[in-house]
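Participant: What follows is upload-v4.txt, made up of compact mmCIF, C-alpha atoms:
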```txt
# COMPACT_ATOMS: atom_id res chain seq x y z
CA MET A 1 0.37 23.67 42.17
CA ASP A 2 2.79 20.80 42.71
CA PHE A 3 5.15 22.33 40.21
CA ARG A 4 4.93 25.67 42.01
CA ARG A 5 5.76 24.02 45.30
CA ARG A 6 8.73 22.25 43.81
CA ALA A 7 9.91 25.36 42.07
CA GLY A 8 9.67 27.20 45.36
CA ALA A 9 11.67 24.51 47.08
CA ALA A 10 14.27 24.66 44.33
CA ALA A 11 14.49 28.41 44.56
CA GLY A 12 14.85 28.21 48.32
CA ALA A 13 17.55 25.61 48.07
CA ILE A 14 19.44 27.53 45.44
CA ALA A 15 19.16 30.69 47.50
CA GLY A 16 20.47 28.72 50.43
CA ALA A 17 23.35 27.50 48.33
CA LEU A 18 24.22 30.97 47.23
CA GLY A 19 23.92 32.23 50.78
CA CYS A 20 26.17 29.48 51.98
CA ALA A 21 28.75 30.24 49.30
CA ALA A 22 28.52 33.94 50.04
CA ALA A 23 28.98 33.27 53.72
CA ALA A 24 32.02 31.19 52.99
CA LEU A 25 33.59 33.68 50.64
CA GLY A 26 32.48 36.91 52.21
CA CYS A 27 32.58 36.30 55.93
CA ALA A 28 35.66 36.41 58.03
CA THR A 29 38.40 33.97 57.22
CA PRO A 30 40.23 32.70 60.29
CA THR A 31 42.88 35.30 61.01
CA VAL A 32 46.05 35.85 62.94
CA ASP A 33 46.79 39.44 63.82
CA GLY A 34 49.84 40.98 62.28
CA VAL A 35 52.46 41.82 64.86
CA ALA A 36 55.27 44.27 65.03
CA PRO A 37 58.73 42.93 65.75
CA ALA A 38 59.74 42.81 69.38
CA TYR A 39 62.97 44.58 68.47
CA ASP A 40 64.35 46.16 65.33
CA PRO A 41 65.47 43.32 63.04
CA THR A 42 67.35 45.72 60.76
CA ALA A 43 69.23 47.79 63.30
CA LEU A 44 72.55 46.27 62.26
CA THR A 45 71.91 46.50 58.52
CA GLY A 46 70.86 50.10 58.26
CA GLY A 47 67.24 49.20 57.64
CA ILE A 48 67.93 46.53 55.04
CA VAL A 49 65.69 43.47 55.24
CA TYR A 50 67.41 40.28 54.16
CA HIS A 51 66.41 36.63 54.24
CA TRP A 52 66.38 33.44 52.26
CA PRO A 53 63.74 32.83 49.61
CA LEU A 54 60.71 31.49 51.45
CA GLY A 55 59.71 27.88 51.15
CA ARG A 56 63.17 26.54 50.50
CA ALA A 57 65.54 24.30 52.42
CA VAL A 58 68.52 26.05 53.92
CA THR A 59 71.50 23.77 54.42
CA VAL A 60 74.19 24.27 57.00
CA HIS A 61 77.61 22.66 57.11
CA VAL A 62 79.86 22.71 60.11
CA VAL A 63 83.52 22.61 59.10
CA PRO A 64 85.27 20.00 61.25
CA SER A 65 88.07 21.23 63.42
CA GLY A 66 90.36 19.57 65.91
CA GLY A 67 88.37 16.35 66.00
CA SER A 68 85.78 17.86 68.33
CA GLU A 69 82.11 17.53 67.52
CA ASP A 70 80.98 20.12 70.04
CA LEU A 71 80.32 22.78 67.44
CA GLU A 72 78.35 20.48 65.16
CA VAL A 73 76.27 19.26 68.10
CA ALA A 74 75.56 22.85 69.09
CA VAL A 75 74.65 23.94 65.57
CA ARG A 76 72.37 20.95 65.07
CA ALA A 77 70.58 21.82 68.29
CA ALA A 78 70.43 25.49 67.28
CA LEU A 79 68.69 24.61 64.01
CA ASP A 80 66.19 22.47 65.88
CA ARG A 81 65.42 25.35 68.23
CA TRP A 82 64.62 27.77 65.44
CA VAL A 83 62.21 25.46 63.61
CA PRO A 84 59.25 26.06 65.99
CA ALA A 85 59.73 29.80 65.59
CA MET A 86 58.51 29.51 62.03
CA ALA A 87 54.77 29.03 61.81
CA TYR A 88 54.35 28.42 58.09
CA ARG A 89 57.35 26.28 57.12
CA GLU A 90 58.95 29.40 55.74
CA LEU A 91 62.31 27.63 55.71
CA SER A 92 63.40 24.11 56.43
CA LEU A 93 66.78 23.82 58.08
CA ARG A 94 69.12 20.88 57.78
CA LEU A 95 72.73 19.96 58.11
CA ALA A 96 74.78 19.18 55.02
CA ASN A 97 77.61 16.71 55.02
CA ARG A 98 79.68 18.58 52.45
CA ALA A 99 80.72 22.21 52.35
CA GLU A 100 79.81 22.53 48.67
CA ASP A 101 76.17 21.72 49.50
CA ALA A 102 75.87 24.33 52.21
CA ASP A 103 74.12 27.68 52.12
CA ILE A 104 75.58 28.51 55.51
CA LEU A 105 79.06 27.49 56.64
CA VAL A 106 79.91 27.39 60.31
CA VAL A 107 83.57 27.35 61.30
CA GLU A 108 85.51 27.50 64.51
CA SER A 109 87.21 30.88 64.64
CA ALA A 110 90.67 29.38 65.00
CA THR A 111 90.24 27.46 61.75
CA PRO A 112 91.42 29.06 58.50
CA LEU A 113 88.42 30.39 56.57
CA PRO A 114 87.27 27.88 53.97
CA VAL A 115 85.81 30.60 51.70
CA ASP A 116 87.06 33.73 49.99
CA THR A 117 85.65 36.76 51.81
CA SER A 118 87.74 39.39 50.09
CA GLY A 119 85.64 42.41 49.22
CA CYS A 120 83.30 41.83 52.15
CA ALA A 121 84.91 44.43 54.33
CA ALA A 122 81.90 45.97 55.97
CA ALA A 123 79.57 43.03 56.12
CA GLY A 124 78.81 40.96 59.17
CA TRP A 125 78.62 41.53 62.87
CA THR A 126 81.21 40.71 65.45
CA GLU A 127 80.04 39.81 68.91
CA SER A 128 81.73 38.26 71.84
CA ALA A 129 82.02 34.73 70.56
CA GLY A 130 80.31 34.67 67.20
CA ARG A 131 80.22 36.48 63.89
CA THR A 132 77.86 36.20 60.96
CA LEU A 133 78.90 37.50 57.58
CA PHE A 134 77.48 37.80 54.09
CA CYS A 135 78.46 39.93 51.13
CA ALA A 136 75.89 42.15 49.50
CA ALA A 137 76.02 42.42 45.71
CA GLY A 138 73.12 44.61 44.67
CA ASP A 139 69.91 43.06 45.89
CA THR A 140 71.42 39.65 46.51
CA ALA A 141 74.19 38.19 48.58
CA ARG A 142 77.04 36.92 46.50
CA THR A 143 78.30 33.39 46.76
CA LEU A 144 81.38 33.07 48.93
CA PRO A 145 83.52 30.69 46.87
CA LEU A 146 85.13 27.77 48.58
CA LEU A 147 88.91 27.96 48.55
CA ALA A 148 89.27 24.24 47.87
CA GLY A 149 87.26 22.10 45.49
CA PRO A 150 84.05 23.27 43.84
CA VAL A 151 82.87 26.86 44.19
CA GLY A 152 79.90 25.78 46.28
CA ARG A 153 76.90 27.92 47.08
CA THR A 154 77.68 29.40 50.45
CA LYS A 155 76.09 32.78 51.07
CA VAL A 156 76.58 33.11 54.79
CA LEU A 157 79.63 32.41 56.93
CA ILE A 158 79.39 32.01 60.68
CA THR A 159 82.52 31.89 62.80
CA ILE A 160 82.30 30.88 66.42
CA ASP A 161 85.01 31.02 69.02
CA VAL A 162 84.38 27.66 70.63
CA ALA A 163 87.33 28.00 73.00
CA GLY A 164 86.01 31.34 74.15
CA THR A 165 82.76 29.88 75.43
CA ALA A 166 82.58 28.78 79.01
CA ASP A 167 80.61 25.58 78.46
CA ALA A 168 78.31 23.68 76.12
CA SER A 169 75.35 25.80 77.14
CA GLU A 170 77.09 29.02 76.19
CA LEU A 171 78.28 27.49 72.94
CA LEU A 172 74.69 26.56 72.19
CA ALA A 173 73.45 30.04 73.09
CA VAL A 174 75.98 31.61 70.72
CA SER A 175 75.09 29.12 67.98
CA VAL A 176 71.36 29.83 68.28
CA HIS A 177 72.10 33.56 68.23
CA GLU A 178 74.24 33.40 65.10
CA ILE A 179 71.77 31.15 63.29
CA GLY A 180 69.16 33.81 64.08
CA HIS A 181 71.31 36.36 62.26
CA ALA A 182 71.80 33.93 59.36
CA LEU A 183 68.04 33.47 58.99
CA GLY A 184 67.31 37.16 58.70
CA ILE A 185 67.40 38.90 62.06
CA GLY A 186 69.83 41.73 61.56
CA GLY A 187 69.39 43.22 64.98
CA HIS A 188 69.73 42.61 68.68
CA SER A 189 67.27 42.43 71.49
CA GLY A 190 67.70 44.45 74.65
CA ILE A 191 66.10 41.72 76.74
CA ALA A 192 68.35 39.09 78.28
CA GLY A 193 65.64 36.46 77.92
CA ASP A 194 65.83 36.60 74.12
CA VAL A 195 68.42 34.59 72.21
CA MET A 196 69.08 37.66 70.10
CA PHE A 197 70.22 39.57 73.19
CA VAL A 198 73.58 41.08 72.39
CA ALA A 199 75.32 38.71 74.80
CA PRO A 200 73.17 35.58 74.42
CA GLN A 201 72.39 33.70 77.58
CA THR A 202 69.41 31.56 76.66
CA ILE A 203 69.26 28.59 74.32
CA VAL A 204 65.67 28.72 73.06
CA PRO A 205 64.23 31.51 70.92
CA SER A 206 61.66 33.38 72.96
CA ALA A 207 58.21 34.44 71.79
CA ALA A 208 59.75 37.83 71.05
CA ASP A 209 62.46 36.22 68.93
CA ALA A 210 59.87 34.16 67.06
CA ARG A 211 57.69 37.20 66.49
CA THR A 212 60.63 39.17 65.18
CA LEU A 213 61.71 36.40 62.84
CA ARG A 214 58.19 35.96 61.51
CA TYR A 215 57.90 39.66 60.97
CA VAL A 216 61.12 39.91 59.02
CA LEU A 217 60.56 36.75 56.97
CA HIS A 218 57.30 38.13 55.67
CA ARG A 219 58.73 41.44 54.60
CA ARG A 220 59.83 41.68 51.02
CA PRO A 221 63.62 41.43 51.25
CA ASP A 222 65.83 44.27 50.13
CA LEU A 223 68.58 41.74 49.90
CA ARG A 224 67.97 38.12 48.99
CA LEU A 225 70.32 35.53 50.40
CA MET B 1 -2.60 -22.64 43.94
CA THR B 2 -1.05 -23.93 40.76
CA PRO B 3 1.18 -21.39 39.10
CA ARG B 4 0.04 -20.29 35.76
CA PRO B 5 2.47 -20.62 32.83
CA GLY B 6 3.26 -16.90 32.65
CA ASP B 7 3.92 -16.36 36.40
CA ALA B 8 7.54 -17.53 36.46
CA SER B 9 8.32 -15.38 33.52
CA ARG B 10 6.71 -12.34 35.15
CA ARG B 11 8.54 -12.95 38.42
CA SER B 12 11.82 -13.25 36.54
CA ARG B 13 11.15 -10.02 34.74
CA THR B 14 10.32 -8.30 38.04
CA VAL B 15 13.48 -9.59 39.72
CA LEU B 16 15.52 -8.55 36.72
CA LEU B 17 13.89 -5.14 36.78
CA VAL B 18 14.72 -4.67 40.47
CA ALA B 19 18.27 -5.88 39.96
CA VAL B 20 18.83 -3.52 37.08
CA ALA B 21 17.31 -0.67 39.05
CA LEU B 22 19.56 -1.31 42.03
CA ALA B 23 22.68 -1.94 40.00
CA SER B 24 22.32 1.16 37.94
CA ALA B 25 20.95 3.19 40.85
CA ASP B 26 18.86 4.98 38.30
CA TYR B 27 17.33 8.20 39.46
CA LEU B 28 13.62 7.91 38.89
CA VAL B 29 12.94 11.56 38.45
CA ALA B 30 15.09 11.64 35.36
CA ARG B 31 12.55 9.53 33.49
CA PRO B 32 9.12 10.47 32.30
CA ALA B 33 6.54 9.79 34.99
CA GLN B 34 4.79 6.93 33.20
CA ALA B 35 8.02 5.08 32.63
CA GLN B 36 8.97 5.43 36.26
CA ALA B 37 5.90 3.89 37.72
CA PRO B 38 6.74 0.15 37.40
CA VAL B 39 10.24 0.65 38.77
CA ARG B 40 8.95 2.73 41.63
CA ASP B 41 6.50 -0.05 42.46
CA ALA B 42 9.23 -2.62 42.36
CA LEU B 43 11.28 -0.55 44.79
CA ASP B 44 8.47 -0.19 47.29
CA GLY B 45 9.55 -1.57 50.60
CA ARG B 46 13.19 -0.68 50.13
CA ASP B 47 13.98 2.09 52.55
CA LEU B 48 17.61 2.95 52.14
CA PHE B 49 19.32 4.00 48.96
CA TRP B 50 23.01 4.55 48.51
CA SER B 51 25.15 6.93 46.59
CA VAL B 52 28.81 7.53 45.97
CA GLU B 53 30.47 10.72 44.80
CA LEU B 54 33.91 11.86 43.78
CA GLY B 55 35.44 14.88 42.20
CA ALA B 56 37.55 17.97 42.74
CA VAL B 57 37.42 20.45 45.57
CA GLY B 58 38.70 23.97 46.07
CA ALA B 59 38.61 26.04 49.23
CA THR B 60 39.00 29.53 50.59
CA PRO B 61 42.00 30.24 52.86
CA PHE B 62 42.43 28.52 56.20
CA VAL B 63 44.29 31.48 57.65
CA GLU B 64 45.06 35.03 56.76
CA ASP B 65 47.91 36.41 58.82
CA GLY B 66 48.15 40.14 59.35
CA ASN B 67 51.83 39.94 58.46
CA GLY B 68 50.84 39.11 54.90
CA VAL B 69 50.74 35.32 54.98
CA THR B 70 47.90 33.27 53.54
CA THR B 71 47.51 29.55 54.13
CA ARG B 72 45.12 27.77 51.81
CA PRO B 73 44.49 24.31 50.47
CA GLY B 74 45.25 23.78 46.82
CA PHE B 75 42.78 22.08 44.54
CA GLY B 76 42.20 18.56 45.76
CA ALA B 77 40.02 15.52 45.41
CA PHE B 78 37.13 14.15 47.40
CA LEU B 79 35.41 10.80 47.71
CA GLY B 80 32.21 10.17 49.61
CA ALA B 81 29.39 7.74 50.18
CA GLY B 82 25.93 8.22 51.55
CA VAL B 83 22.54 6.72 52.21
CA SER B 84 19.11 8.23 51.97
CA LEU B 85 15.81 7.35 53.54
CA PRO B 86 12.66 8.49 51.74
CA VAL B 87 10.30 10.23 54.14
CA GLY B 88 7.73 11.71 51.87
CA ASP B 89 6.90 12.70 48.39
CA ARG B 90 10.26 13.47 46.80
CA MET B 91 11.89 14.09 50.15
CA SER B 92 14.59 12.04 51.84
CA LEU B 93 16.73 12.16 54.91
CA THR B 94 20.38 11.69 54.04
CA ALA B 95 23.55 10.76 55.85
CA GLY B 96 27.03 10.24 54.58
CA VAL B 97 30.73 10.32 55.03
CA ARG B 98 33.30 11.99 52.86
CA GLY B 99 37.04 12.43 52.74
CA SER B 100 39.05 14.96 50.82
CA THR B 101 42.71 15.72 50.38
CA ALA B 102 44.67 18.64 49.04
CA SER B 103 48.10 20.14 49.29
CA LEU B 104 48.52 22.97 51.79
CA ARG B 105 49.95 26.09 50.22
CA VAL B 106 51.38 29.17 51.86
CA GLU B 107 51.79 32.51 50.16
CA SER B 108 53.78 35.47 51.39
CA SER B 109 55.77 38.31 49.88
CA GLY B 110 54.97 37.15 46.38
CA LYS B 111 56.29 33.64 47.04
CA GLU B 112 54.21 30.51 47.31
CA TRP B 113 55.30 27.17 48.68
CA ARG B 114 53.88 23.84 49.73
CA ALA B 115 53.66 23.10 53.42
CA GLY B 116 52.45 19.51 53.41
CA ARG B 117 48.97 18.11 52.88
CA THR B 118 45.62 18.62 54.49
CA HIS B 119 42.79 16.13 54.77
CA GLN B 120 39.18 16.61 55.77
CA TYR B 121 36.86 13.87 56.97
CA ASP B 122 33.18 14.76 57.12
CA VAL B 123 30.11 13.14 58.61
CA ARG B 124 26.91 14.73 57.39
CA LEU B 125 23.19 14.60 58.06
CA GLY B 126 20.58 16.36 55.98
CA VAL B 127 17.66 16.32 53.65
CA ALA B 128 17.35 15.91 49.91
CA THR B 129 14.56 16.74 47.57
CA GLU B 130 13.72 16.65 43.91
CA ALA B 131 13.47 20.33 43.24
CA ALA B 132 12.63 19.84 39.60
CA ARG B 133 12.51 16.98 37.16
CA TYR B 134 16.23 16.97 36.49
CA LEU B 135 17.45 18.68 39.61
CA GLY B 136 18.15 17.14 42.98
CA ILE B 137 18.96 19.40 45.90
CA ALA B 138 20.40 18.45 49.25
CA ALA B 139 21.18 20.45 52.35
CA SER B 140 23.19 19.06 55.21
CA ALA B 141 24.93 19.90 58.41
CA PHE B 142 28.26 18.27 58.96
CA ALA B 143 30.98 17.76 61.50
CA ALA B 144 34.50 17.26 60.26
CA ARG B 145 38.02 16.68 61.31
CA VAL B 146 40.61 18.63 59.37
CA THR B 147 44.19 17.46 59.59
CA GLY B 148 47.39 19.10 58.47
CA PRO B 149 51.05 19.55 59.34
CA ASP B 150 51.50 20.19 63.05
CA ASP B 151 54.10 22.90 62.48
CA VAL B 152 51.88 25.11 60.36
CA ILE B 153 49.12 27.45 61.55
CA PRO B 154 46.20 26.61 61.96
CA PHE B 155 47.24 23.07 62.85
CA ARG B 156 50.22 23.97 65.01
CA SER B 157 48.57 24.40 68.37
CA SER B 158 46.16 21.52 67.91
CA SER B 159 48.62 18.69 67.18
CA GLY B 160 47.66 18.68 63.54
CA ARG B 161 43.93 18.09 64.01
CA ILE B 162 41.02 20.52 64.10
CA ALA B 163 37.37 19.71 64.70
CA VAL B 164 35.01 21.89 62.70
CA TRP B 165 31.32 22.02 61.92
CA GLY B 166 29.41 23.52 59.06
CA ALA B 167 26.62 23.39 56.52
CA GLU B 168 26.47 22.51 52.90
CA VAL B 169 24.14 22.55 49.95
CA ALA B 170 24.45 20.40 46.88
CA GLY B 171 22.68 20.06 43.61
CA HIS B 172 22.92 17.37 41.02
CA VAL B 173 21.64 16.89 37.50
CA PRO B 174 21.88 13.77 35.35
CA LEU B 175 24.78 13.30 32.99
CA VAL B 176 24.28 9.66 32.06
CA ARG B 177 21.07 7.70 32.40
CA ASP B 178 22.28 4.13 32.60
CA PRO B 179 24.17 3.66 34.76
CA ARG B 180 22.90 6.76 36.43
CA ILE B 181 25.67 9.32 36.86
CA ASP B 182 24.94 12.87 37.92
CA LEU B 183 26.94 16.04 37.76
CA LEU B 184 27.36 17.26 41.34
CA ILE B 185 28.05 20.78 42.48
CA ALA B 186 28.18 21.64 46.15
CA ALA B 187 29.20 24.45 48.42
CA ASP B 188 29.90 24.27 52.10
CA ALA B 189 31.11 26.51 54.85
CA ALA B 190 32.99 25.24 57.88
CA ARG B 191 33.53 27.10 61.11
CA PHE B 192 37.12 27.06 62.30
CA GLY B 193 37.22 27.92 65.97
CA SER B 194 39.59 30.28 67.71
CA GLN B 195 42.92 29.03 69.01
CA SER B 196 44.06 30.93 72.02
CA ARG B 197 47.20 28.84 72.42
CA GLU B 198 48.57 30.09 69.11
CA ASN B 199 50.93 33.04 69.40
CA PRO B 200 49.43 35.41 68.43
CA PRO B 201 45.98 33.82 68.83
CA LEU B 202 44.03 32.60 65.83
CA ALA B 203 40.62 34.25 65.52
CA ALA B 204 37.68 32.09 64.47
CA GLY B 205 36.31 32.29 60.96
CA TRP B 206 34.72 30.49 58.07
CA VAL B 207 36.32 28.37 55.39
CA GLY B 208 34.29 27.74 52.27
CA ARG B 209 34.63 24.95 49.76
CA ILE B 210 33.25 24.30 46.33
CA ARG B 211 33.02 20.71 45.14
CA LEU B 212 32.50 19.66 41.56
CA GLY B 213 32.24 16.04 40.66
CA VAL B 214 30.06 13.13 39.72
CA ARG B 215 27.58 11.20 41.76
CA HIS B 216 26.17 7.74 41.32
CA GLY B 217 23.14 6.58 43.27
CA LEU B 218 19.60 7.20 44.33
CA PRO B 219 18.42 10.54 45.40
```
Would you mind writing the file out in structure tokens?

Facilitator:
Amino acid sequence: MDFRRRAGAAAGAIAGALGCAAAALGCATPTVDGVAPAYDPTALTGGIVYHWPLGRAVTVHVVPSGGSEDLEVAVRAALDRWVPAMAYRELSLRLANRAEDADILVVESATPLPVDTSGCAAAGWTESAGRTLFCAAGDTARTLPLLAGPVGRTKVLITIDVAGTADASELLAVSVHEIGHALGIGGHSGIAGDVMFVAPQTIVPSAADARTLRYVLHRRPDLRL
Amino acid sequence: MTPRPGDASRRSRTVLLVAVALASADYLVARPAQAQAPVRDALDGRDLFWSVELGAVGATPFVEDGNGVTTRPGFGAFLGAGVSLPVGDRMSLTAGVRGSTASLRVESSGKEWRAGRTHQYDVRLGVATEAARYLGIAASAFAARVTGPDDVIPFRSSSGRIAVWGAEVAGHVPLVRDPRIDLLIAADAARFGSQSRENPPLAAGWVGRIRLGVRHGLP
């Protein structure tokens, strides 16, 4: 009788264990709804999704020009503003001290280009004060070789017309906008409150910008930077 | 009363027996009933028994994002300690604390990367019983704090800390008799609440864990 009672208890406990495990494995995992982009992130690329391999560090170097640090300050702030838009550490963004260590080069538009962009005729987008460019080579972007020193590893070139911006705030808005392109948003928003608005006016990516970036980062890229 | 010549020797043997029993934390059920009796007598009057456990832990995802992202802990390690209070024939109330750690992994678009570490600290209360001669079973409810990187969902909108609650069951069977070491297998399910401040909001759900390890102690 005692054995039967114990066996019953054991069976109950084991059933409980299995039920618990089944509940854990079979019931709903915490979920976040999938969202559509707030605007088309491939409108400028003809439907091509591009971004950096997820999980990696993307390094940015600002080419010095004219002794002014305004552009570097703006780009540093722009990188900081995009970090919260990524919810899963998809990319880590940091400044590089040397051009040869940079995935993205940022130059003042009046400065001679530090990389060879020949053969990149149709790539990139020109806006009022900024331009982001990369060169497709099949399903990857080709390295833009540095004109001086080592070849480097630059895939994306951003040029910004610092003199053409009215003030530091506009320079920051343009920098945030171009970094958005460099991360994978190949489109523009029609809402002035988004940093990816065609003529950027704000300095912080909006919820719509973040949603669009998250959407595009989690698509399989047609073109890998 | 004058002590008889054999008393000191018997007391020494009894003390030694108790000391050995406590030091090895031998699990009485693992021995034949007749052999257990003297040790059980010697332990009468002792109410609380301790145990420690350690091993490996694996878990189901923390988050599944409709955009194709899965956040899950990798395989990790746990360490815990507990006490038990016998309340009847082969039945005990148990309480304990436990900590575990694992890397946090994110998977999307065929890529997987590390996104920091996650830790879980549990406080549990439950019951344990000897379900069979070589099988101990425990069931507990627990409250836990789960920590992780504050820039990764589900920790992003909660400053890196989430309070959860759940239930667990565990079974253990002896591996080594002296000192007593048991094989431990346990499963638990923790309820992760909704997070309306996340954009888009995180819907509540369950996260399950399986723990496999060793345990040293009384029931």

Participant: At a cut-off of 6 Å, can you tabulate as CSV every residue of chain B near chain A together with its closest atom pair and the distance in Å to one decimal, using only C-alpha atoms and ordering rows by chain then number?

Facilitator:
```
residue,atom,partner,partner_atom,distance
B:Val63,CA,A:Pro30,CA,5.0
B:Glu64,CA,A:Thr31,CA,4.8
B:Asp65,CA,A:Val32,CA,4.6
B:Gly66,CA,A:Gly34,CA,3.5
B:Asn67,CA,A:Gly34,CA,4.4
B:Ser109,CA,A:Arg220,CA,5.4
B:Trp113,CA,A:Gly55,CA,5.1
B:Ala131,CA,A:Ala10,CA,4.5
B:Val152,CA,A:Tyr88,CA,4.7
B:Ile153,CA,A:Ala87,CA,5.9
B:Val169,CA,A:Ala17,CA,5.3
B:Ala187,CA,A:Ala21,CA,5.9
B:Ala189,CA,A:Ala24,CA,5.1
B:Leu202,CA,A:Val32,CA,4.8
B:Ala203,CA,A:Thr31,CA,5.2
B:Ala204,CA,A:Pro30,CA,4.9
B:Gly205,CA,A:Pro30,CA,4.0
B:Trp206,CA,A:Thr29,CA,5.1
B:Val207,CA,A:Ala24,CA,5.7
B:Gly208,CA,A:Ala24,CA,4.2
```

Participant: Give me the residues within 7 Å of Thr212 (chain A) as a JSON list (two decimals) with C-alpha atoms, in the frame of the given file, counting only C-alpha atoms and dropping any in the same chain fewer than 5 places off.

Facilitator:
```json
[["chain", "number", "residue", "atom", "x", "y", "z"],
["A", 37, "PRO", "CA", 58.73, 42.93, 65.75],
["A", 38, "ALA", "CA", 59.74, 42.81, 69.38],
["A", 39, "TYR", "CA", 62.97, 44.58, 68.47],
["A", 41, "PRO", "CA", 65.47, 43.32, 63.04]]
```

Participant: If we count only C-alpha atoms, what is near region 153-155 of chain A at a cut-off of 10 Å, once residues fewer than 6 positions away on the same chain are taken out, given as a list in words?

Facilitator: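 Using only C-alpha atoms, the neighbours found are Trp52, Thr59, Val60, His61, Ala99, Glu100, Asp101, Ala102, Asp103, Ile104, Leu105, Val115, Leu133, Phe134, Cys135, Ala136, Thr140, Ala141, Arg142, Thr143, Leu144, Pro145, Leu146, Ala182, Arg224 and Leu225 of chain A.
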
Participant: Using C-alpha atoms, can you write the selected residues to a file as a PDB file, keeping the file's coordinate frame?

Facilitator:
```pdb
ATOM      1  CA  TRP A  52      66.380  33.440  52.260  1.00  0.00           C
ATOM      2  CA  THR A  59      71.500  23.770  54.420  1.00  0.00           C
ATOM      3  CA  VAL A  60      74.190  24.270  57.000  1.00  0.00           C
ATOM      4  CA  HIS A  61      77.610  22.660  57.110  1.00  0.00           C
ATOM      5  CA  ALA A  99      80.720  22.210  52.350  1.00  0.00           C
ATOM      6  CA  GLU A 100      79.810  22.530  48.670  1.00  0.00           C
ATOM      7  CA  ASP A 101      76.170  21.720  49.500  1.00  0.00           C
ATOM      8  CA  ALA A 102      75.870  24.330  52.210  1.00  0.00           C
ATOM      9  CA  ASP A 103      74.120  27.680  52.120  1.00  0.00           C
ATOM     10  CA  ILE A 104      75.580  28.510  55.510  1.00  0.00           C
ATOM     11  CA  LEU A 105      79.060  27.490  56.640  1.00  0.00           C
ATOM     12  CA  VAL A 115      85.810  30.600  51.700  1.00  0.00           C
ATOM     13  CA  LEU A 133      78.900  37.500  57.580  1.00  0.00           C
ATOM     14  CA  PHE A 134      77.480  37.800  54.090  1.00  0.00           C
ATOM     15  CA  CYS A 135      78.460  39.930  51.130  1.00  0.00           C
ATOM     16  CA  ALA A 136      75.890  42.150  49.500  1.00  0.00           C
ATOM     17  CA  THR A 140      71.420  39.650  46.510  1.00  0.00           C
ATOM     18  CA  ALA A 141      74.190  38.190  48.580  1.00  0.00           C
ATOM     19  CA  ARG A 142      77.040  36.920  46.500  1.00  0.00           C
ATOM     20  CA  THR A 143      78.300  33.390  46.760  1.00  0.00           C
ATOM     21  CA  LEU A 144      81.380  33.070  48.930  1.00  0.00           C
ATOM     22  CA  PRO A 145      83.520  30.690  46.870  1.00  0.00           C
ATOM     23  CA  LEU A 146      85.130  27.770  48.580  1.00  0.00           C
ATOM     24  CA  ALA A 182      71.800  33.930  59.360  1.00  0.00           C
ATOM     25  CA  ARG A 224      67.970  38.120  48.990  1.00  0.00           C
ATOM     26  CA  LEU A 225      70.320  35.530  50.400  1.00  0.00           C
TER      27      LEU A 225
END
```

Participant: Which distance in Å separates CA of Trp50 (chain B) and CA of Leu85 (chain B), to one decimal?

Facilitator: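 Interatomic distance, CA of Trp50 (chain B) to CA of Leu85 (chain B): 9.2 Å.
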
Participant: By how many Å are CA of Ala163 (chain A) and CA of Val195 (chain A) apart?

Facilitator: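 Separation of CA of Ala163 (chain A) and CA of Val195 (chain A): 20.0 Å.
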
Participant: Starting from the sparse input, extend region 79-88 of chain B to N, CA and C atoms and give the output as a CSV table (one decimal), in the coordinates of the input.

Facilitator:
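rebuild-v5.csv, freshly written:
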```
chain,number,residue,atom,x,y,z
B,79,LEU,N,36.1,12.1,47.9
B,79,LEU,CA,35.4,10.8,47.7
B,79,LEU,C,34.4,10.6,48.9
B,80,GLY,N,33.2,10.3,48.5
B,80,GLY,CA,32.2,10.2,49.6
B,80,GLY,C,31.2,9.1,49.3
B,81,ALA,N,30.5,8.7,50.3
B,81,ALA,CA,29.4,7.7,50.2
B,81,ALA,C,28.3,8.2,51.1
B,82,GLY,N,27.1,7.8,50.7
B,82,GLY,CA,25.9,8.2,51.6
B,82,GLY,C,24.8,7.3,51.4
B,83,VAL,N,23.8,7.4,52.3
B,83,VAL,CA,22.5,6.7,52.2
B,83,VAL,C,21.4,7.7,52.4
B,84,SER,N,20.3,7.3,51.8
B,84,SER,CA,19.1,8.2,52.0
B,84,SER,C,17.9,7.4,52.3
B,85,LEU,N,17.0,8.0,53.1
B,85,LEU,CA,15.8,7.4,53.5
B,85,LEU,C,14.6,8.2,53.1
B,86,PRO,N,13.8,7.7,52.2
B,86,PRO,CA,12.7,8.5,51.7
B,86,PRO,C,11.7,8.7,52.9
B,87,VAL,N,11.2,9.9,53.0
B,87,VAL,CA,10.3,10.2,54.1
B,87,VAL,C,9.0,10.9,53.7
B,88,GLY,N,8.9,11.1,52.4
B,88,GLY,CA,7.7,11.7,51.9
B,88,GLY,C,7.8,11.8,50.4
```
